[in-house]
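For reference, the structure is listed below as structure tokens.
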Amino acid sequence: MNPAVHLDGITKRFPGVVANDDVDLAVERGSVHALLGENGAGKTTLMNVLYGLYQPTEGTVRLDGEPQSFDSPRDAIDAGVGMIHQHFMLVDPMTVWENVVLGNEPKTWGGLRVDREAAREAVVELSERYGFDVDPDATIADISVGEQQRVEILKALYRGADVLIMDEPTAVLTPQEVDELYGVFDELTEQGKTIIFISHKLGEALSAADDITVLRDGVNVGTVAAADVTREELAEMMVGREVLMDPATSPQEAGDRVLEVTDLDVEDDRGVEAVSDLSFELRGGEILGVAGVDGNGQSQLVEAITGLREAASGDVRYRGESMVGKTRRDRIDRGMAFIPEDRQERGLVMSYDLVENGILGSQHDPPFANGGRLDWNASRDHAEAVIEQYDVRPPDADAEAESLSGGNQQKFIVGREFERDPELVVATHPTRGVDIGSTEFLHDRLLELRAEGKAVLLVSSKLDEVQGLSDRLAVMHEGEFTGIVDPATVTEEEIGLLMAGESLDDDSVEGAAIHDAAGGGTDDTPGDGSDGADDASRDGIDGATGGDEGVDA
Amino acid sequence: MRNPLSPASLLESASESSYVRSLVVGTVGVLAALGVLGLAFPESVFGDLAGIVFSTSTGASTARLAAPIVLAGLGGIFAEKSGVINIGLEGLLIISAFVSVYAASVVGVGNAVLGVPALVIAFLAGIAASTFLAAVFAVVCIEFKADQIIAGLAVWLIALGLAPFMSTVFFGGVNTPNLGVSVGWKYSATMVVLATLGSWWLLNRTAFGKHLRAAGENPKALDTVGVSVSKVRYAGVLLSGVLSGVGGSALALSIGQFVGSGETMVQGKGFIAIVAYLFGNYNPLGTLGAGVLFAGLDAMQIRLQQLGYAIPDTLVQTIPYVVVIVVLALVGRTQIPEAAGEHYETEE
């Protein structure tokens with residue numbers, strides 16, 4: 001029998017770039033196939049070829065053995081290929097059924113009226129057939145991200161999709177929602193649908209897929225059965241060299257109290273309480289991880305600490321000094337470094353070159369400020385030093401920030417902030433969009449700062465990152481810490497429960513919560529706990545969009 | 001689960017929100033209070049006011065003044081819902097007001113071309129002129145990705161200069177002579193009501209309405225399901241041209257003359273139209289209500305002047321703008337489409 005999808009020798013060239021080089025891919029009907037690779041490996045390009053967005057330079061797309069030539073996504077949809085984009089293509093104020101039928105509305109009265117009853121009926125029928133629990137009349141803006149994803153799947157199914165392409169499907173889901181998604185995969189494949197999903201996460205490829213194809217630099221490195229491969233082998237295929245999966249942390253005594261947050265309340269832009277009555281402390285030589293689904297107050301907490309947002313009440317003390325009323329500049333001067341979550345909005349001025357970007361935040365300080373004017377030579381030296389140390393590519397201090405890839409922008413920001421010689425680093429999603437090799441490097445730098453006795457507040461939605469690096473792990477839900485746990489002993493499920501807002505009454509975890517900054521509990525090696533090669537949702541929730549977090553910079 | 005397609009909830013969705021309902025209730029309440037006060041103290045200001053509000057001549061002039069506001073406002077809804085903010089409505093009203101009068105004078109009132117009466121031809125010419133200008137605006141905004149606000153201002157300024165200029169060329173003055181025709185207020189009222197109901201249907205019941213909304217909220221979502229965002233946006237802007245054309249022609253033909261001095265006879269009605277649809281929360285019914293309210297205030301002001309009250313007309317004309325500022329600040333419930341004002345380009 002012919003495979004449901006067969007990409008035969010696909011080459012896609014863009015001016016100056018070969019995005020896909022002679023890639024073969026065969027996917028059997030009723031199977032789940034993961035397309036794994038680092039950022040820029042050509043996964044999305046390949047899928048865009050299958051989806052008709054790009055025409056291949058060479059090679060053929062075959063569905064069930066039949067050669068196809070797609071001029072547009074429309075053709076691909078007609079041939080039964082559906083794509084679920086990473087950022088959902090849904091119209092927020094419209095209802096579920098309106099979104100599902102958008103563009104293919106059943107009509108009556110000679111096209112003068114949308115047949116709402118028929119449309120709704122079709123949506124209800126589809127969701128019942130695949131066991132989706134979605135209210136057809138709910139407004140998209142009111143339903144959870146997991147439900148929105150199911151609406152996207154319904155959209156594809158409504159258009160008769162037989163092959164579903166999903167781009168980073170777990171990027172915005174909680175661990176529980178990821179499990180539900182895998183359930184949906186089972187349901188779909190049982191009914192003969194074929195699923196291809198794009199991912200850069202080893203864990204989810206291993207647990208959700210039947211087969212895995214690894215792309216690197218546009219080349220198919222190999223296709224393996226998920227059952228026959230380990231996490232380490234896959235990582236090596238992706239990166240092309242051996243990767244240390246778990247950062248090596250070493251036990252360390254916590255030092256002085258650097259940051260103390262007491263009864264902090266912070267409101268978001270709409271005046272809704274985003275952080276409620278939060279207290280914690282952070283010592284030198286310690287990394288406090290904050291995990292949670294994006295939009296649970298992490299942004300507002302970080303903004304209140306770094307001085308980007310005024311707290312409604314409560315106190316933030318930094319090295320014994322109250323920061324209430326202190327400006328952002330006051331805080332920078334006192335040694336607070338900040339890696340913002342939205343690097344293009346807050347981390348860099350996109351139209352500035354790296355020399356200029358490199359002194360942002362230090363422009364008042366010597367050696368850059370010199371008697372009312374800026375010393376561009378010193379600035380250039382600084383930028384070049386950061387570029388070299390942090391392997392920013394291309395290594396050109398005159399390049400504008402916007403010409404760099406996201407990962408390189410991030411490396412540059414991290415370098416700039418770390419080179420401030422800070423006492424406290426507030427890092428939000430420091431490795432978002434950064435490839436595995438650079439991630440490893442940035443993790444090592446964070447651990448070096450810790451070893452130097454600096455305090456680090458690490459906010460990330462990558463569970464493996466916070467779990468692997470932190471001495472203590474706080475889980476945030478609706479503005480509160482639902483628990484502060486020991487990352488070495490806590491399980492993925494427990495974190496998932498905490499992220500969903502439930503508390504753990506399990507003794508072992510409560511024990512961990514008690515050993516706050518005293519440093520007693522940090523003797524465990526957090527890395528020990530994170531070798532679960534087959535852990536489904538290890539790096540479950542990365543890359544959520546900013547949502548309604550305020551940008552008032 | 002409650003079936004949202006039941007008649008009760010259909011009615012509910014027609015009024016769409018408590019916002020529109022409170023608007024209606026408020027207006028009716030004020031009118032009722034005025035009526036009571038007027039009957040109680042017939043000699044007072046309230047008596048005069050009540051007399052004005054409930055007189056048929058005020059009603060007729062309200063209908064006449066409301067036509068351009070409501071029709072252009074409905075047009076503005078289509079444009080903005082599709083994602084193109086058309087602040088050139090004023091210009092569309094001006095150009096159609098002039099061209100309709102010009103066409104009527106060329107054909108000759110009372111004559112007919114191929115059996116079509118002159119007034120109908122005048123309307124069609126006004127609509128054509130307005131739609132043409134809207135099409136130019138659409139091309140500049142959608143094809144060439146110009147800033148919509150600047151392009152919209154240009155539409156207004158072009159019409160503001162061009163219409164009196166053409167009047168000077170063809171009639172020897174910025175004001176055209178009076179053709180001695182007058183389209184009765186009943187026709188204006190009928191057109192307004194039909195256009196409102198038609199717009200409501202188009203926006204809420206047809207596939208086009210859904211596409212329009214998607215184009216303004218999340219154009220990419222529409223694009224990925226294979227509907228051309230550009231086409232939908234062109235349709236939205238052209239519809240604003242058509243509706244404004246009807247409104248501008250109705251305004252000019254109701255007195256049979258184009259007045260081109262100063263701000264022309266349109267006198268900011270295109271901008272009040274924008275206010276009206278914002279006030280009406282992008283709902284045609286709300287826009288109708290707001291348009292009638294603003295036109296009514298204007299009509300009242302005129303009548304008050306006639307009765308000898310020295311009401312500064314410029315002050316009365318600021319009322320709609322003050323109202324919209326208050327509404328936007330206090331209520332804040334108007335829902336501007338997410339992608340309004342943003343260009344959209346298909347990825348290739």
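Chain labels follow the order of the structure tokens: the first chain is A, the next B, and so on; residue numbering restarts at 1 in every chain, and ligands are counted from 1 in their shown order.
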Using only C-alpha atoms, tabulate the residues of chain B lying at most 6 Å from any atom of chain A, each with its closest atom pair and that distance in Å to one decimal, by chain and increasing residue number, as CSV.
```
residue,atom,partner,partner_atom,distance
B:Arg205,CA,A:Arg113,CA,5.4
B:Thr206,CA,A:Arg113,CA,4.6
B:Ala207,CA,A:Val114,CA,5.7
B:Ala214,CA,A:Val91,CA,6.0
B:Asn218,CA,A:Val91,CA,5.6
B:Ala221,CA,A:Met89,CA,4.2
B:Val225,CA,A:Gly103,CA,5.9
B:Gly226,CA,A:Arg74,CA,5.8
```
- Find the residues around stretch 245-258 of chain B up to 6 Å (only C-alpha atoms counted), leave out those fewer than 5 positions away in its own chain, and share them as a ChimeraX atom specification. /B:67-68,71,93,96-98,100,123,126-127,130,175-176,178-183
Let's have the selection written as a short mmCIF file (atom, residue, chain, number, x, y, z; two decimals), in the first residue's frame, with all heavy atoms.
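And here's out_30.cif as it stands now:
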```cif
data_model
loop_
_atom_site.label_atom_id
_atom_site.label_comp_id
_atom_site.auth_asym_id
_atom_site.auth_seq_id
_atom_site.Cartn_x
_atom_site.Cartn_y
_atom_site.Cartn_z
N ALA B 67 -30.30 61.30 7.05
CA ALA B 67 -29.97 60.42 5.93
C ALA B 67 -28.46 60.35 5.66
O ALA B 67 -27.89 59.26 5.65
CB ALA B 67 -30.73 60.84 4.68
N PRO B 68 -27.78 61.51 5.48
CA PRO B 68 -26.33 61.38 5.22
C PRO B 68 -25.57 60.79 6.39
O PRO B 68 -24.63 60.02 6.20
CB PRO B 68 -25.90 62.83 4.94
CG PRO B 68 -26.96 63.69 5.49
CD PRO B 68 -28.23 62.90 5.41
N LEU B 71 -26.49 56.89 6.64
CA LEU B 71 -26.02 56.11 5.49
C LEU B 71 -24.50 56.06 5.45
O LEU B 71 -23.89 55.00 5.25
CB LEU B 71 -26.58 56.69 4.20
CG LEU B 71 -28.08 56.40 4.02
CD1 LEU B 71 -28.70 57.33 2.99
CD2 LEU B 71 -28.29 54.95 3.63
N LEU B 93 -19.38 62.09 0.97
CA LEU B 93 -20.67 62.79 1.00
C LEU B 93 -20.60 64.05 0.14
O LEU B 93 -21.53 64.35 -0.63
CB LEU B 93 -21.03 63.17 2.44
CG LEU B 93 -21.45 62.04 3.38
CD1 LEU B 93 -21.68 62.58 4.79
CD2 LEU B 93 -22.71 61.36 2.87
N SER B 96 -20.51 63.23 -3.70
CA SER B 96 -21.79 62.72 -4.22
C SER B 96 -22.86 63.80 -4.19
O SER B 96 -23.72 63.86 -5.07
CB SER B 96 -22.24 61.48 -3.45
OG SER B 96 -22.32 61.75 -2.07
N ALA B 97 -22.79 64.69 -3.17
CA ALA B 97 -23.77 65.79 -3.12
C ALA B 97 -23.64 66.66 -4.37
O ALA B 97 -24.63 66.99 -5.02
CB ALA B 97 -23.56 66.62 -1.86
N PHE B 98 -22.40 66.99 -4.70
CA PHE B 98 -22.22 67.85 -5.88
C PHE B 98 -22.60 67.11 -7.16
O PHE B 98 -23.37 67.62 -7.98
CB PHE B 98 -20.79 68.35 -5.99
CG PHE B 98 -20.55 69.03 -7.31
CD1 PHE B 98 -21.04 70.31 -7.53
CD2 PHE B 98 -19.90 68.37 -8.36
CE1 PHE B 98 -20.88 70.94 -8.76
CE2 PHE B 98 -19.74 69.00 -9.59
CZ PHE B 98 -20.23 70.28 -9.79
N SER B 100 -24.48 64.62 -7.80
CA SER B 100 -25.90 64.33 -8.01
C SER B 100 -26.63 65.59 -8.51
O SER B 100 -27.45 65.50 -9.42
CB SER B 100 -26.53 63.82 -6.71
OG SER B 100 -26.47 64.80 -5.70
N PHE B 123 -29.21 60.36 -8.48
CA PHE B 123 -28.77 59.47 -7.41
C PHE B 123 -27.67 58.53 -7.89
O PHE B 123 -26.64 58.36 -7.24
CB PHE B 123 -29.96 58.64 -6.89
CG PHE B 123 -30.56 59.21 -5.64
CD1 PHE B 123 -31.73 59.94 -5.70
CD2 PHE B 123 -29.94 59.02 -4.41
CE1 PHE B 123 -32.28 60.49 -4.54
CE2 PHE B 123 -30.49 59.55 -3.26
CZ PHE B 123 -31.67 60.29 -3.33
N GLY B 126 -24.43 60.34 -8.28
CA GLY B 126 -23.83 60.62 -6.98
C GLY B 126 -23.19 59.38 -6.40
O GLY B 126 -22.05 59.41 -5.88
N ILE B 127 -23.89 58.26 -6.49
CA ILE B 127 -23.36 57.00 -5.97
C ILE B 127 -22.09 56.61 -6.73
O ILE B 127 -21.09 56.20 -6.14
CB ILE B 127 -24.43 55.88 -6.08
CG1 ILE B 127 -25.58 56.18 -5.12
CG2 ILE B 127 -23.81 54.52 -5.78
CD1 ILE B 127 -26.80 55.31 -5.33
N SER B 130 -19.11 58.83 -5.64
CA SER B 130 -18.65 58.47 -4.31
C SER B 130 -17.94 57.12 -4.32
O SER B 130 -16.88 56.95 -3.69
CB SER B 130 -19.86 58.44 -3.38
OG SER B 130 -19.55 57.76 -2.21
N ASN B 175 -21.65 77.78 -5.09
CA ASN B 175 -22.99 77.23 -4.86
C ASN B 175 -23.68 77.04 -6.20
O ASN B 175 -23.64 77.92 -7.05
CB ASN B 175 -23.83 78.17 -4.01
CG ASN B 175 -23.19 78.43 -2.66
OD1 ASN B 175 -22.32 77.66 -2.23
ND2 ASN B 175 -23.60 79.50 -2.01
N THR B 176 -24.31 75.88 -6.36
CA THR B 176 -25.04 75.68 -7.61
C THR B 176 -26.38 76.41 -7.48
O THR B 176 -26.85 76.67 -6.37
CB THR B 176 -25.33 74.19 -7.85
OG1 THR B 176 -26.24 73.73 -6.86
CG2 THR B 176 -24.05 73.38 -7.82
N ASN B 178 -30.39 76.69 -7.42
CA ASN B 178 -31.37 75.72 -6.92
C ASN B 178 -32.18 75.18 -8.09
O ASN B 178 -32.73 75.92 -8.89
CB ASN B 178 -32.27 76.40 -5.90
CG ASN B 178 -33.01 75.36 -5.07
OD1 ASN B 178 -33.52 74.39 -5.63
ND2 ASN B 178 -33.05 75.57 -3.78
N LEU B 179 -32.21 73.84 -8.15
CA LEU B 179 -32.88 73.20 -9.28
C LEU B 179 -34.39 73.15 -9.07
O LEU B 179 -35.13 72.76 -9.96
CB LEU B 179 -32.36 71.78 -9.49
CG LEU B 179 -30.86 71.64 -9.76
CD1 LEU B 179 -30.49 70.19 -9.90
CD2 LEU B 179 -30.47 72.42 -11.01
N GLY B 180 -34.81 73.51 -7.90
CA GLY B 180 -36.25 73.52 -7.63
C GLY B 180 -36.85 72.14 -7.47
O GLY B 180 -38.03 71.94 -7.72
N VAL B 181 -36.02 71.17 -7.10
CA VAL B 181 -36.59 69.86 -6.78
C VAL B 181 -36.35 69.61 -5.29
O VAL B 181 -35.49 70.22 -4.67
CB VAL B 181 -35.94 68.71 -7.56
CG1 VAL B 181 -36.27 68.80 -9.01
CG2 VAL B 181 -34.45 68.68 -7.31
N SER B 182 -37.12 68.72 -4.77
CA SER B 182 -36.90 68.37 -3.37
C SER B 182 -37.39 66.95 -3.16
O SER B 182 -38.55 66.64 -3.39
CB SER B 182 -37.66 69.35 -2.48
OG SER B 182 -37.93 68.75 -1.26
N VAL B 183 -36.44 66.10 -2.79
CA VAL B 183 -36.81 64.71 -2.49
C VAL B 183 -37.39 64.72 -1.09
O VAL B 183 -36.75 65.16 -0.13
CB VAL B 183 -35.58 63.80 -2.56
CG1 VAL B 183 -35.92 62.40 -2.09
CG2 VAL B 183 -35.05 63.76 -3.97
#
```
- Task: Calculate how many Å separate atom CA of B:Val259 from atom CA of B:Leu124, rounding to one decimal.
- Result: 19.7 Å
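Shortest separation to B:Thr346 among B:Leu133, B:Met265, B:Ile142, B:Leu119 occurs at residue B:Ile142, atoms counted being only C-alpha atoms.
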Contacts of A:Gly80 at 6 Å or less, counting only C-alpha atoms, minus same-chain residues fewer than 6 places along, as a short mmCIF file (atom, residue, chain, number, x, y, z; two decimals) with N, CA, C and O atoms, in the first residue's frame?
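Below is the file that was written, out.cif:
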```cif
data_model
loop_
_atom_site.label_atom_id
_atom_site.label_comp_id
_atom_site.auth_asym_id
_atom_site.auth_seq_id
_atom_site.Cartn_x
_atom_site.Cartn_y
_atom_site.Cartn_z
N GLY A 160 -12.63 18.40 5.31
CA GLY A 160 -12.34 17.10 4.74
C GLY A 160 -10.88 16.70 4.81
O GLY A 160 -10.40 15.92 3.99
N ALA A 161 -10.15 17.20 5.81
CA ALA A 161 -8.73 16.85 5.90
C ALA A 161 -8.55 15.39 6.26
O ALA A 161 -9.26 14.84 7.09
N ASP A 162 -7.60 14.80 5.60
CA ASP A 162 -7.27 13.41 5.80
C ASP A 162 -5.89 13.33 6.44
O ASP A 162 -5.59 12.44 7.21
#
```
- Item | Nearby residues (only C-alpha atoms) at most 12 Å from stretch 364-372 of chain A, same-chain spacing under 2 positions excluded, as JSON, numbers by chain | {"A": [329, 330, 332, 333, 355, 356, 358, 359, 360, 361, 362, 374, 375, 376, 377, 378, 379, 380, 381, 382, 383, 420]}
- Run DSSP on the backbone and give me the residues of stretch 114-282 of chain A it puts in strand (DSSP E), as a VMD selection string. chain A and resid 114 163 to 167 194 to 199 211 to 216 219 to 225 257 to 267 273 to 282
- Find the spatial neighbours of stretch 308-315 of chain B, counting only C-alpha atoms, within a cut-off of 12 Å - ignore same-chain residues fewer than 3 positions away - and output them as a ChimeraX atom specification. /B:45,48-49,267-268,297-305,318-322
Output the selection as a PDB file, in the first residue's frame - N, CA and C atoms for each residue.
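This is the output file selection33.pdb:
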```
ATOM      1  N   VAL B  45     -39.470  77.197  28.612  1.00  0.00           N
ATOM      2  CA  VAL B  45     -38.550  76.679  27.601  1.00  0.00           C
ATOM      3  C   VAL B  45     -38.932  75.252  27.230  1.00  0.00           C
ATOM      4  N   ASP B  48     -41.631  75.155  24.677  1.00  0.00           N
ATOM      5  CA  ASP B  48     -41.099  75.391  23.336  1.00  0.00           C
ATOM      6  C   ASP B  48     -40.363  74.166  22.818  1.00  0.00           C
ATOM      7  N   LEU B  49     -39.502  73.627  23.708  1.00  0.00           N
ATOM      8  CA  LEU B  49     -38.711  72.450  23.312  1.00  0.00           C
ATOM      9  C   LEU B  49     -39.618  71.300  22.911  1.00  0.00           C
ATOM     10  N   GLN B 267     -20.997  69.891   5.938  1.00  0.00           N
ATOM     11  CA  GLN B 267     -20.747  70.454   7.267  1.00  0.00           C
ATOM     12  C   GLN B 267     -20.403  69.427   8.343  1.00  0.00           C
ATOM     13  N   GLY B 268     -19.489  68.547   8.026  1.00  0.00           N
ATOM     14  CA  GLY B 268     -19.033  67.612   9.059  1.00  0.00           C
ATOM     15  C   GLY B 268     -19.938  66.431   9.309  1.00  0.00           C
ATOM     16  N   LEU B 297     -30.930  66.665  17.188  1.00  0.00           N
ATOM     17  CA  LEU B 297     -30.366  67.800  17.923  1.00  0.00           C
ATOM     18  C   LEU B 297     -30.126  68.969  16.978  1.00  0.00           C
ATOM     19  N   ASP B 298     -29.607  68.652  15.813  1.00  0.00           N
ATOM     20  CA  ASP B 298     -29.315  69.682  14.829  1.00  0.00           C
ATOM     21  C   ASP B 298     -30.612  70.363  14.376  1.00  0.00           C
ATOM     22  N   ALA B 299     -31.617  69.530  14.096  1.00  0.00           N
ATOM     23  CA  ALA B 299     -32.903  70.060  13.630  1.00  0.00           C
ATOM     24  C   ALA B 299     -33.525  70.947  14.697  1.00  0.00           C
ATOM     25  N   MET B 300     -33.433  70.510  15.947  1.00  0.00           N
ATOM     26  CA  MET B 300     -33.972  71.281  17.051  1.00  0.00           C
ATOM     27  C   MET B 300     -33.292  72.631  17.164  1.00  0.00           C
ATOM     28  N   GLN B 301     -31.998  72.594  17.018  1.00  0.00           N
ATOM     29  CA  GLN B 301     -31.202  73.811  17.109  1.00  0.00           C
ATOM     30  C   GLN B 301     -31.675  74.829  16.057  1.00  0.00           C
ATOM     31  N   ILE B 302     -31.924  74.300  14.856  1.00  0.00           N
ATOM     32  CA  ILE B 302     -32.389  75.200  13.781  1.00  0.00           C
ATOM     33  C   ILE B 302     -33.738  75.814  14.142  1.00  0.00           C
ATOM     34  N   ARG B 303     -34.628  74.976  14.652  1.00  0.00           N
ATOM     35  CA  ARG B 303     -35.962  75.453  15.015  1.00  0.00           C
ATOM     36  C   ARG B 303     -35.877  76.460  16.157  1.00  0.00           C
ATOM     37  N   LEU B 304     -35.001  76.202  17.112  1.00  0.00           N
ATOM     38  CA  LEU B 304     -34.857  77.109  18.250  1.00  0.00           C
ATOM     39  C   LEU B 304     -34.396  78.478  17.777  1.00  0.00           C
ATOM     40  N   GLN B 305     -33.477  78.465  16.822  1.00  0.00           N
ATOM     41  CA  GLN B 305     -33.025  79.737  16.263  1.00  0.00           C
ATOM     42  C   GLN B 305     -34.223  80.480  15.685  1.00  0.00           C
ATOM     43  N   THR B 318     -21.011  70.625  18.311  1.00  0.00           N
ATOM     44  CA  THR B 318     -19.957  69.876  19.009  1.00  0.00           C
ATOM     45  C   THR B 318     -20.553  68.759  19.860  1.00  0.00           C
ATOM     46  N   ILE B 319     -21.888  68.810  20.086  1.00  0.00           N
ATOM     47  CA  ILE B 319     -22.488  67.828  20.993  1.00  0.00           C
ATOM     48  C   ILE B 319     -22.148  66.374  20.631  1.00  0.00           C
ATOM     49  N   PRO B 320     -22.300  66.001  19.348  1.00  0.00           N
ATOM     50  CA  PRO B 320     -21.987  64.592  19.027  1.00  0.00           C
ATOM     51  C   PRO B 320     -20.565  64.213  19.420  1.00  0.00           C
ATOM     52  N   TYR B 321     -19.641  65.115  19.220  1.00  0.00           N
ATOM     53  CA  TYR B 321     -18.240  64.786  19.514  1.00  0.00           C
ATOM     54  C   TYR B 321     -18.017  64.667  21.011  1.00  0.00           C
ATOM     55  N   VAL B 322     -18.661  65.595  21.757  1.00  0.00           N
ATOM     56  CA  VAL B 322     -18.559  65.500  23.215  1.00  0.00           C
ATOM     57  C   VAL B 322     -19.157  64.165  23.674  1.00  0.00           C
TER      58      VAL B 322
END
```
If you count only C-alpha atoms, which residues fall within 12 Å of B:Val107, apart from same-chain ones fewer than 6 positions away, as a short mmCIF file (atom, residue, chain, number, x, y, z; two decimals) with all heavy atoms, in the first residue's frame?
```
data_model
loop_
_atom_site.label_atom_id
_atom_site.label_comp_id
_atom_site.auth_asym_id
_atom_site.auth_seq_id
_atom_site.Cartn_x
_atom_site.Cartn_y
_atom_site.Cartn_z
N SER B 100 -24.48 64.62 -7.80
CA SER B 100 -25.90 64.33 -8.01
C SER B 100 -26.63 65.59 -8.51
O SER B 100 -27.45 65.50 -9.42
CB SER B 100 -26.53 63.82 -6.71
OG SER B 100 -26.47 64.80 -5.70
N VAL B 101 -26.29 66.73 -7.92
CA VAL B 101 -26.93 67.97 -8.37
C VAL B 101 -26.52 68.28 -9.82
O VAL B 101 -27.35 68.66 -10.66
CB VAL B 101 -26.56 69.14 -7.43
CG1 VAL B 101 -27.03 70.47 -8.02
CG2 VAL B 101 -27.18 68.92 -6.07
N VAL B 113 -33.94 59.99 -19.12
CA VAL B 113 -33.05 59.38 -20.11
C VAL B 113 -33.42 57.90 -20.19
O VAL B 113 -33.38 57.21 -19.17
CB VAL B 113 -31.58 59.53 -19.70
CG1 VAL B 113 -30.68 58.81 -20.70
CG2 VAL B 113 -31.22 61.00 -19.61
N LEU B 114 -33.78 57.45 -21.39
CA LEU B 114 -34.17 56.05 -21.58
C LEU B 114 -35.23 55.63 -20.57
O LEU B 114 -35.21 54.54 -20.02
CB LEU B 114 -32.96 55.12 -21.45
CG LEU B 114 -31.78 55.41 -22.38
CD1 LEU B 114 -30.58 54.54 -21.99
CD2 LEU B 114 -32.17 55.15 -23.83
N GLY B 115 -36.11 56.55 -20.29
CA GLY B 115 -37.20 56.23 -19.38
C GLY B 115 -36.84 56.31 -17.92
O GLY B 115 -37.68 56.06 -17.06
N VAL B 116 -35.56 56.64 -17.63
CA VAL B 116 -35.19 56.76 -16.23
C VAL B 116 -35.29 58.22 -15.83
O VAL B 116 -34.68 59.08 -16.47
CB VAL B 116 -33.74 56.27 -16.02
CG1 VAL B 116 -33.36 56.33 -14.55
CG2 VAL B 116 -33.57 54.87 -16.58
N PRO B 117 -36.06 58.52 -14.78
CA PRO B 117 -36.26 59.92 -14.40
C PRO B 117 -34.96 60.59 -13.97
O PRO B 117 -34.03 59.92 -13.49
CB PRO B 117 -37.24 59.86 -13.23
CG PRO B 117 -37.70 58.46 -13.13
CD PRO B 117 -36.80 57.59 -13.93
N ALA B 118 -34.90 61.89 -14.09
CA ALA B 118 -33.67 62.64 -13.81
C ALA B 118 -33.19 62.42 -12.38
O ALA B 118 -31.99 62.30 -12.12
CB ALA B 118 -33.91 64.12 -14.05
N LEU B 119 -34.13 62.37 -11.43
CA LEU B 119 -33.70 62.25 -10.04
C LEU B 119 -33.02 60.92 -9.78
O LEU B 119 -32.04 60.82 -9.03
CB LEU B 119 -34.89 62.42 -9.09
CG LEU B 119 -35.32 63.88 -8.86
CD1 LEU B 119 -36.44 63.96 -7.86
CD2 LEU B 119 -34.14 64.72 -8.41
N VAL B 120 -33.53 59.87 -10.44
CA VAL B 120 -32.89 58.56 -10.27
C VAL B 120 -31.49 58.61 -10.85
O VAL B 120 -30.52 58.11 -10.27
CB VAL B 120 -33.73 57.45 -10.95
CG1 VAL B 120 -32.99 56.13 -10.91
CG2 VAL B 120 -35.09 57.34 -10.29
N ILE B 121 -31.36 59.26 -12.01
CA ILE B 121 -30.05 59.40 -12.63
C ILE B 121 -29.13 60.19 -11.72
O ILE B 121 -27.95 59.86 -11.54
CB ILE B 121 -30.17 60.08 -14.00
CG1 ILE B 121 -30.95 59.14 -14.92
CG2 ILE B 121 -28.80 60.44 -14.56
CD1 ILE B 121 -30.78 59.34 -16.35
N ALA B 122 -29.67 61.24 -11.11
CA ALA B 122 -28.88 62.05 -10.20
C ALA B 122 -28.34 61.18 -9.05
O ALA B 122 -27.16 61.26 -8.69
CB ALA B 122 -29.72 63.20 -9.65
N ALA B 125 -25.64 58.89 -10.33
CA ALA B 125 -24.39 59.60 -10.59
C ALA B 125 -23.67 59.91 -9.29
O ALA B 125 -22.44 59.75 -9.18
CB ALA B 125 -24.68 60.89 -11.35
N LEU B 179 -32.21 73.84 -8.15
CA LEU B 179 -32.88 73.20 -9.28
C LEU B 179 -34.39 73.15 -9.07
O LEU B 179 -35.13 72.76 -9.96
CB LEU B 179 -32.36 71.78 -9.49
CG LEU B 179 -30.86 71.64 -9.76
CD1 LEU B 179 -30.49 70.19 -9.90
CD2 LEU B 179 -30.47 72.42 -11.01
#
```
- Select, from A:Asp265, A:Glu402, A:Asp353, A:Asp167, the residue with the minimum atom-to-atom distance to A:Gly479, counting only C-alpha atoms.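 Going through A:Asp265, A:Glu402, A:Asp353, A:Asp167 one by one, the smallest distance to A:Gly479 is for A:Asp265.
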- Message: Applying 9 Å and only C-alpha atoms, which residues near A:Ala205 remain after dropping the ones on its own chain fewer than 6 positions away? List them as a VMD selection string.
- Response: chain A and resid 33 to 36 197 to 199 211 to 212 226 536
- Task: From stretch 115-343 of chain B, collect each residue whose DSSP state is alpha helix (DSSP H) and return the set as an MDAnalysis selection string.
- Result: chainID B and resid 118:138 148:171 185:205 207:217 219:224 229:255 269:279 284:306 313:326
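Going from atom CA of B:Lys231 to atom CA of B:Asp147 covers 18.5 Å.
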